[in-house]
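This is coords_23.txt. It holds compact mmCIF, C-alpha atoms.
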# COMPACT_ATOMS: atom_id res chain seq x y z
CA MET R 27 51.39 333.00 74.06
CA LEU R 28 48.65 330.73 72.72
CA GLU R 29 49.45 327.35 71.17
CA ALA R 30 47.47 325.63 68.40
CA THR R 31 47.43 321.90 67.74
CA ASN R 32 46.17 319.71 64.91
CA LEU R 33 45.82 315.96 65.35
CA LEU R 34 45.60 315.41 61.57
CA ASP R 35 49.22 316.18 60.70
CA ALA R 36 50.00 312.50 60.09
CA ASN R 37 46.96 312.06 57.83
CA ASP R 38 47.06 315.23 55.74
CA ASN R 39 47.54 313.15 52.59
CA LEU R 40 44.47 311.05 53.45
CA PRO R 41 41.52 313.46 53.44
CA GLY R 42 39.08 310.56 53.80
CA GLY R 43 41.02 308.88 56.61
CA TRP R 44 42.02 305.22 56.44
CA PHE R 45 40.59 301.73 56.86
CA TRP R 46 42.00 298.49 58.33
CA SER R 47 40.32 295.05 58.39
CA THR R 48 40.98 291.38 59.18
CA LYS R 49 39.26 290.40 55.92
CA GLY R 50 41.00 287.42 54.28
CA LEU R 51 42.34 286.01 57.55
CA ASP R 52 40.97 282.98 59.38
CA GLY R 53 39.81 283.03 63.02
CA PRO R 54 43.10 282.64 64.98
CA ALA R 55 45.11 284.69 62.45
CA ALA R 56 42.44 287.40 62.37
CA LEU R 57 42.34 287.67 66.14
CA GLU R 58 46.13 287.81 66.42
CA ALA R 59 46.34 290.50 63.71
CA TRP R 60 43.65 292.53 65.49
CA ARG R 61 45.47 292.22 68.82
CA ARG R 62 48.67 293.52 67.24
CA HIS R 63 46.84 296.35 65.51
CA VAL R 64 45.06 297.50 68.68
CA ALA R 65 48.23 297.17 70.77
CA ASP R 66 50.17 299.34 68.31
CA MET R 67 47.70 302.24 68.35
CA ALA R 68 48.68 305.61 69.79
CA LEU R 69 46.45 304.73 72.75
CA PRO R 70 46.94 300.94 72.99
CA MET R 71 44.37 298.46 74.25
CA ARG R 72 44.28 294.75 75.04
CA VAL R 73 41.83 292.36 73.33
CA GLU R 74 40.00 289.45 74.92
CA ALA R 75 37.99 287.31 72.47
CA GLU R 76 37.52 283.81 71.13
CA ALA R 77 39.24 282.91 67.89
CA LYS R 78 36.25 281.07 66.40
CA PRO R 79 35.19 282.93 63.33
CA PHE R 80 36.57 286.33 64.25
CA HIS R 81 36.52 289.58 62.34
CA ALA R 82 37.24 293.21 63.14
CA SER R 83 37.81 296.48 61.34
CA MET R 84 38.74 300.07 62.08
CA ARG R 85 38.05 303.21 60.07
CA VAL R 86 39.44 306.64 60.87
CA ARG R 87 37.82 309.75 59.49
CA PRO R 88 38.83 313.39 60.07
CA PHE R 89 36.26 315.55 61.87
CA GLY R 90 37.38 319.16 61.86
CA PRO R 91 40.72 319.21 63.70
CA VAL R 92 40.24 315.78 65.34
CA MET R 93 39.47 312.20 64.36
CA LEU R 94 36.48 309.87 64.42
CA ILE R 95 37.34 306.20 64.99
CA GLU R 96 34.79 303.58 63.92
CA VAL R 97 35.34 300.03 65.22
CA SER R 98 33.34 296.96 64.15
CA GLY R 99 33.83 293.35 65.07
CA SER R 100 32.90 290.05 66.65
CA PRO R 101 32.10 289.82 70.39
CA GLN R 102 35.13 290.93 72.40
CA ARG R 103 36.45 293.06 75.24
CA LEU R 104 38.75 296.02 74.59
CA ILE R 105 40.70 296.81 77.75
CA ARG R 106 42.85 299.78 78.74
CA ASP R 107 44.72 298.66 81.84
CA ALA R 108 46.61 301.12 84.02
CA ASP R 109 49.90 299.72 82.70
CA LEU R 110 48.92 300.66 79.13
CA ILE R 111 48.34 304.31 80.00
CA SER R 112 51.22 306.65 79.19
CA ALA R 113 51.71 310.35 79.85
CA GLU R 114 50.41 311.11 76.36
CA ALA R 115 47.05 309.58 77.30
CA ARG R 116 46.31 312.61 79.47
CA GLY R 117 45.93 314.59 76.28
CA VAL R 118 42.75 312.98 74.94
CA CYS R 119 39.14 312.24 75.79
CA PHE R 120 36.79 309.85 73.97
CA VAL R 121 33.15 310.66 73.22
CA SER R 122 31.47 307.51 71.93
CA THR R 123 28.20 305.95 70.78
CA MET R 124 27.04 302.67 69.29
CA THR R 125 25.88 302.63 65.68
CA SER R 126 24.78 299.01 65.86
CA ALA R 127 24.10 296.50 68.65
CA HIS R 128 24.78 297.14 72.34
CA GLY R 129 27.89 297.53 74.47
CA TRP R 130 29.15 298.30 77.96
CA LEU R 131 31.62 300.89 79.22
CA VAL R 132 33.24 299.92 82.53
CA ALA R 133 35.13 302.82 84.17
CA ASN R 134 35.64 304.19 87.67
CA GLY R 135 33.82 301.23 89.19
CA THR R 136 30.68 301.81 87.11
CA ARG R 137 29.28 299.62 84.32
CA MET R 138 27.26 301.71 81.86
CA GLY R 139 25.17 300.28 79.04
CA VAL R 140 25.62 301.97 75.68
CA ASP R 141 23.02 301.72 72.91
CA ARG R 142 22.34 303.63 69.73
CA GLY R 143 21.47 307.19 70.68
CA ARG R 144 23.31 307.04 74.02
CA VAL R 145 26.69 308.75 74.34
CA THR R 146 29.45 308.19 76.89
CA TYR R 147 32.69 310.02 77.60
CA VAL R 148 35.90 308.86 79.25
CA SER R 149 39.37 310.34 79.64
CA GLY R 150 42.30 308.63 77.93
CA ASP R 151 44.17 308.47 81.24
CA THR R 152 41.36 306.49 82.93
CA PRO R 153 41.50 302.66 82.90
CA TYR R 154 38.36 301.35 81.20
CA THR R 155 36.90 298.38 79.38
CA LEU R 156 34.59 298.22 76.37
CA ASP R 157 32.57 294.99 76.49
CA PHE R 158 30.61 293.64 73.51
CA ASP R 159 28.71 290.34 73.65
CA GLU R 160 27.49 290.44 70.03
CA THR R 161 28.68 291.71 66.67
CA PHE R 162 28.90 295.49 67.04
CA THR R 163 29.90 298.84 65.61
CA PHE R 164 30.77 301.93 67.63
CA VAL R 165 32.27 305.32 66.88
CA SER R 166 34.44 307.52 69.09
CA ALA R 167 35.50 311.12 68.66
CA MET R 168 39.09 311.40 69.87
CA VAL R 169 39.11 314.92 71.35
CA PRO R 170 42.19 316.76 72.68
CA ALA R 171 41.75 317.30 76.40
CA GLU R 172 42.93 320.89 75.92
CA ASP R 173 39.82 321.57 73.82
CA PHE R 174 37.62 320.46 76.70
CA GLU R 175 39.81 322.24 79.25
CA ALA R 176 39.06 325.53 77.51
CA LEU R 177 35.40 324.94 78.42
CA THR R 178 35.33 322.81 81.56
CA PRO R 179 37.54 321.98 84.59
CA ARG R 180 40.14 319.28 83.78
CA HIS R 181 39.09 316.96 86.62
CA VAL R 182 35.54 316.73 85.25
CA LEU R 183 36.70 314.46 82.42
CA ALA R 184 38.12 311.95 84.90
CA HIS R 185 34.62 311.07 86.10
CA GLY R 186 33.55 309.42 82.85
CA GLY R 187 29.86 308.86 82.31
CA GLU R 188 26.90 309.39 80.02
CA ILE R 189 26.03 312.57 78.18
CA ALA R 190 22.38 312.99 79.05
CA PRO R 191 19.53 313.95 76.70
CA PRO R 192 18.86 316.11 74.85
CA ALA R 193 22.55 316.61 74.02
CA GLY R 194 23.39 312.87 74.01
CA PRO R 195 21.03 311.77 71.21
CA ALA R 196 21.92 314.89 69.19
CA ILE R 197 25.64 314.12 69.46
CA ALA R 198 25.03 310.46 68.57
CA ALA R 199 23.10 311.51 65.47
CA LEU R 200 25.88 313.91 64.46
CA LEU R 201 28.65 311.32 64.80
CA THR R 202 26.61 308.72 62.90
CA ALA R 203 25.83 311.19 60.10
CA LEU R 204 29.47 312.22 59.76
CA LEU R 205 30.50 308.60 59.20
CA ALA R 206 28.16 308.43 56.23
CA GLU R 207 29.89 311.41 54.56
CA THR R 208 32.35 310.45 51.84
CA GLY R 209 34.20 313.76 52.11
CA PRO R 210 34.54 316.71 54.47
CA ALA R 211 31.21 318.12 55.65
CA PRO R 212 30.65 321.84 54.99
CA HIS R 213 32.17 324.06 57.70
CA GLU R 214 33.43 321.02 59.58
CA ASN R 215 35.63 322.97 62.00
CA ARG R 216 32.67 325.10 63.05
CA LEU R 217 30.55 321.97 63.37
CA TYR R 218 33.24 320.51 65.63
CA THR R 219 33.06 323.59 67.85
CA HIS R 220 29.29 323.12 68.25
CA PHE R 221 29.86 319.44 69.07
CA LEU R 222 32.44 320.42 71.68
CA GLY R 223 30.14 323.01 73.25
CA MET R 224 27.17 320.64 73.46
CA THR R 225 29.30 317.91 75.00
CA ALA R 226 30.99 320.08 77.61
CA ALA R 227 27.76 321.84 78.60
CA SER R 228 25.98 318.54 79.17
CA ILE R 229 28.86 317.11 81.24
CA ASP R 230 29.02 320.22 83.45
CA ALA R 231 25.24 320.41 83.87
CA GLY R 232 25.11 316.79 85.01
CA LEU R 233 27.83 317.25 87.63
CA GLU R 234 26.86 320.71 88.91
CA PRO R 235 24.11 319.52 91.32
CA LEU R 236 26.62 317.06 92.82
CA ALA R 237 29.28 319.69 93.53
CA ALA R 238 30.44 319.67 97.13
CA SER R 239 31.21 323.39 97.44
CA ARG R 240 30.24 326.77 96.05
CA VAL R 241 33.67 327.08 94.44
CA GLU R 242 33.15 323.79 92.63
CA ARG R 243 29.64 324.78 91.53
CA ASP R 244 31.00 328.06 90.19
CA ARG R 245 33.69 326.26 88.21
CA LEU R 246 31.10 324.01 86.61
CA LEU R 247 28.79 326.97 85.97
CA LEU R 248 31.63 328.80 84.23
CA GLY R 249 32.19 325.66 82.17
CA ARG R 250 28.55 325.67 81.05
CA ILE R 251 28.81 329.36 80.13
CA LYS R 252 31.97 328.78 78.10
CA ALA R 253 30.36 325.80 76.37
CA ASP R 254 27.38 327.97 75.44
CA LEU R 255 29.70 330.65 74.07
CA ALA R 256 31.66 328.06 72.08
CA THR R 257 28.60 327.40 69.93
CA ARG R 258 28.40 331.12 69.10
CA LEU R 259 32.03 331.95 68.32
CA ALA R 260 31.32 332.45 64.64
CA ASP R 261 28.71 335.13 65.45
CA PRO R 262 30.36 338.52 64.80
CA VAL R 263 28.01 340.29 67.22
CA ARG R 264 29.86 341.47 70.33
CA ALA R 265 29.08 339.37 73.40
CA ASP R 266 26.26 340.85 75.47
CA GLY R 267 27.22 340.23 79.09
CA GLU R 268 23.83 341.22 80.45
CA ALA R 269 21.94 338.89 78.10
CA LEU R 270 24.40 336.07 78.82
CA ALA R 271 24.03 336.55 82.57
CA ALA R 272 20.25 336.54 82.29
CA ARG R 273 20.36 333.32 80.27
CA PHE R 274 22.12 331.61 83.19
CA ASN R 275 20.06 333.37 85.85
CA ILE R 276 23.00 335.24 87.39
CA THR R 277 23.93 338.91 87.66
CA PRO R 278 26.38 340.59 85.26
CA ARG R 279 28.69 341.12 88.24
CA LYS R 280 28.62 337.40 89.01
CA LEU R 281 29.45 336.67 85.37
CA GLN R 282 32.40 339.05 85.56
CA ARG R 283 33.68 337.41 88.76
CA LEU R 284 33.45 333.94 87.22
CA PHE R 285 35.76 334.90 84.36
CA GLN R 286 38.06 336.83 86.70
CA SER R 287 38.45 333.69 88.81
CA ASP R 288 39.76 332.02 85.64
CA GLY R 289 42.28 334.82 85.05
CA THR R 290 40.48 336.35 82.09
CA THR R 291 37.47 338.38 81.00
CA LEU R 292 34.42 337.53 78.92
CA THR R 293 35.67 339.40 75.85
CA GLY R 294 39.25 338.19 76.33
CA TRP R 295 38.16 334.55 76.50
CA ILE R 296 36.03 334.87 73.36
CA ARG R 297 38.86 336.60 71.48
CA ASN R 298 41.39 333.90 72.43
CA GLN R 299 39.03 331.08 71.44
CA ARG R 300 38.39 332.70 68.06
CA LEU R 301 42.12 333.18 67.50
CA MET R 302 42.81 329.54 68.37
CA ARG R 303 40.32 328.37 65.79
CA CYS R 304 41.69 330.73 63.16
CA ALA R 305 45.18 329.38 63.85
CA ARG R 306 43.99 325.81 63.30
CA ASP R 307 42.15 326.64 60.09
CA LEU R 308 45.09 328.58 58.67
CA ARG R 309 47.26 325.45 58.88
CA ASP R 310 44.55 323.01 57.83
CA PRO R 311 45.19 321.97 54.19
CA ARG R 312 41.45 321.61 53.65
CA TYR R 313 41.16 325.40 53.96
CA ALA R 314 44.15 326.24 51.77
CA SER R 315 41.90 327.81 49.13
CA GLN R 316 40.36 330.24 51.64
CA SER R 317 41.96 333.60 52.21
CA VAL R 318 43.08 334.87 55.60
CA THR R 319 40.14 337.28 55.49
CA ASP R 320 37.68 334.45 54.82
CA ILE R 321 38.97 332.42 57.76
CA ALA R 322 39.00 335.41 60.11
CA SER R 323 35.45 336.43 59.19
CA ALA R 324 34.25 332.83 59.57
CA TRP R 325 35.21 333.09 63.26
CA GLY R 326 33.62 336.45 63.95
CA PHE R 327 36.44 338.90 63.14
CA THR R 328 35.02 341.74 61.04
CA GLU R 329 38.13 343.97 60.88
CA LEU R 330 41.19 342.41 59.26
CA GLY R 331 43.59 344.95 60.76
CA TYR R 332 42.43 344.23 64.30
CA PHE R 333 42.53 340.48 63.65
CA SER R 334 46.10 340.64 62.30
CA ARG R 335 47.35 342.63 65.29
CA ALA R 336 45.60 340.37 67.80
CA PHE R 337 46.83 337.23 66.03
CA LYS R 338 50.45 338.37 66.00
CA ALA R 339 50.25 339.38 69.67
CA SER R 340 48.98 335.90 70.56
CA PHE R 341 51.03 333.67 68.25
CA GLY R 342 54.10 335.79 67.55
CA ALA R 343 53.59 335.74 63.78
CA ALA R 344 51.35 337.42 61.24
CA PRO R 345 48.48 335.21 60.00
CA SER R 346 50.05 334.75 56.56
CA ASP R 347 53.43 333.83 58.08
CA TRP R 348 51.74 331.41 60.50
CA ARG R 349 49.96 329.76 57.57
CA ALA R 350 53.32 329.30 55.83
CA GLY R 351 54.64 327.48 58.89
CA GLY R 352 56.40 330.35 60.63
CA ASP R 353 56.36 330.77 64.40
CA GLY R 354 57.12 333.80 66.47

Kindly present the structure from the file in structure tokens form.
Amino acid sequence: MLEATNLLDANDNLPGGWFWSTKGLDGPAALEAWRRHVADMALPMRVEAEAKPFHASMRVRPFGPVMLIEVSGSPQRLIRDADLISAEARGVCFVSTMTSAHGWLVANGTRMGVDRGRVTYVSGDTPYTLDFDETFTFVSAMVPAEDFEALTPRHVLAHGGEIAPPAGPAIAALLTALLAETGPAPHENRLYTHFLGMTAASIDAGLEPLAASRVERDRLLLGRIKADLATRLADPVRADGEALAARFNITPRKLQRLFQSDGTTLTGWIRNQRLMRCARDLRDPRYASQSVTDIASAWGFTELGYFSRAFKASFGAAPSDWRAGGDG
């Protein structure tokens, strides 16, 4: 049975997110308050900085089913040591960019520069450091690892690294634009799915030439195919296996084998991904005014009867009962 998650449950009464700042505190008091705030986060970090005029702020904004976290402040280092990483950290991945100034991501023995327009990713269960030597602002999308795992092998996220152009600058522009919105952007959950597909496809494409075996290359290729499909889930047209295979320069039989190696089929994977997104939207208070039919059709289901049967088979409850909080 499929499971759906929503990271916004704790913030449902705050559609615009929340904001925290050291404003009104002097240097030492501001730094100490910031250290406590960062240490008390769901994914805690340690702060190294000088107390001379110090300031910092954090803003959290919903983005579809996940959260964007904007951090601004004086020069400092934000450190996630191995001893700060809990089992829950395995459940998230951060996709980040600078919106002002310059910073460094240190992870897996590599120090990567991050500027405006450049995007990095790192798993929440990987020790890393964010290093800023001037006043800065950066934004991170806090993405459930299970969302990436639907598109790419789990171990890929552990590498950490840069999301190369052209996807990187496009993702940076999207995250920056979302921060400027004062309310939910139109079709935000669908926009999130496109963001997820672009990110996963770029990560897989960058690692595929480095794969040590054919099996590993095939896993990354399947990840790129899934990421491509993720950007088209709202299209009601039935997936064309031959056209998809041609787009990735493989045979239809090869495409079939790739999905079989993952224990599914092309059509089965697409159906399950659509159902997952419908399940999220049905319990998202921002879509309370939309009917079950509207939500189903927004994710490519054209026949309500078929959608209802498939949904109940996957989640153990009819769509309307699921929306009301019932489980099978």

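For the choices R:Leu110, R:Leu104, R:Leu94, R:Ala265, the atom-to-atom distance to Ile296 of chain R is smallest for R:Ala265 when using only C-alpha atoms.
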
Test item: residues at most 9 Å from Pro195 of chain R, only C-alpha atoms, excluding those fewer than 6 positions along its chain, as a VMD selection string: chain R and resid 142 to 145 189

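Pairwise distance (atom CA of Gly186 of chain R, atom CA of Leu255 of chain R) equals 23.3 Å.
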
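Distance-wise, atom CA of Tyr313 of chain R and atom CA of Ile95 of chain R end up 22.5 Å apart.
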
In Å to one decimal, how far is atom CA of Thr163 of chain R from atom CA of Met124 of chain R? 6.0 Å

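With only C-alpha atoms as the atoms that count, the minimum distance from Lys338 of chain R to the choices R:Ala75, R:Ala314, R:Ala305, R:Ala190 is reached by R:Ala305.
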
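Residue nearest Ala199 of chain R, chosen from R:Thr277, R:Leu57, R:Thr161, R:Phe221 and counting all atoms listed in the file: R:Phe221.
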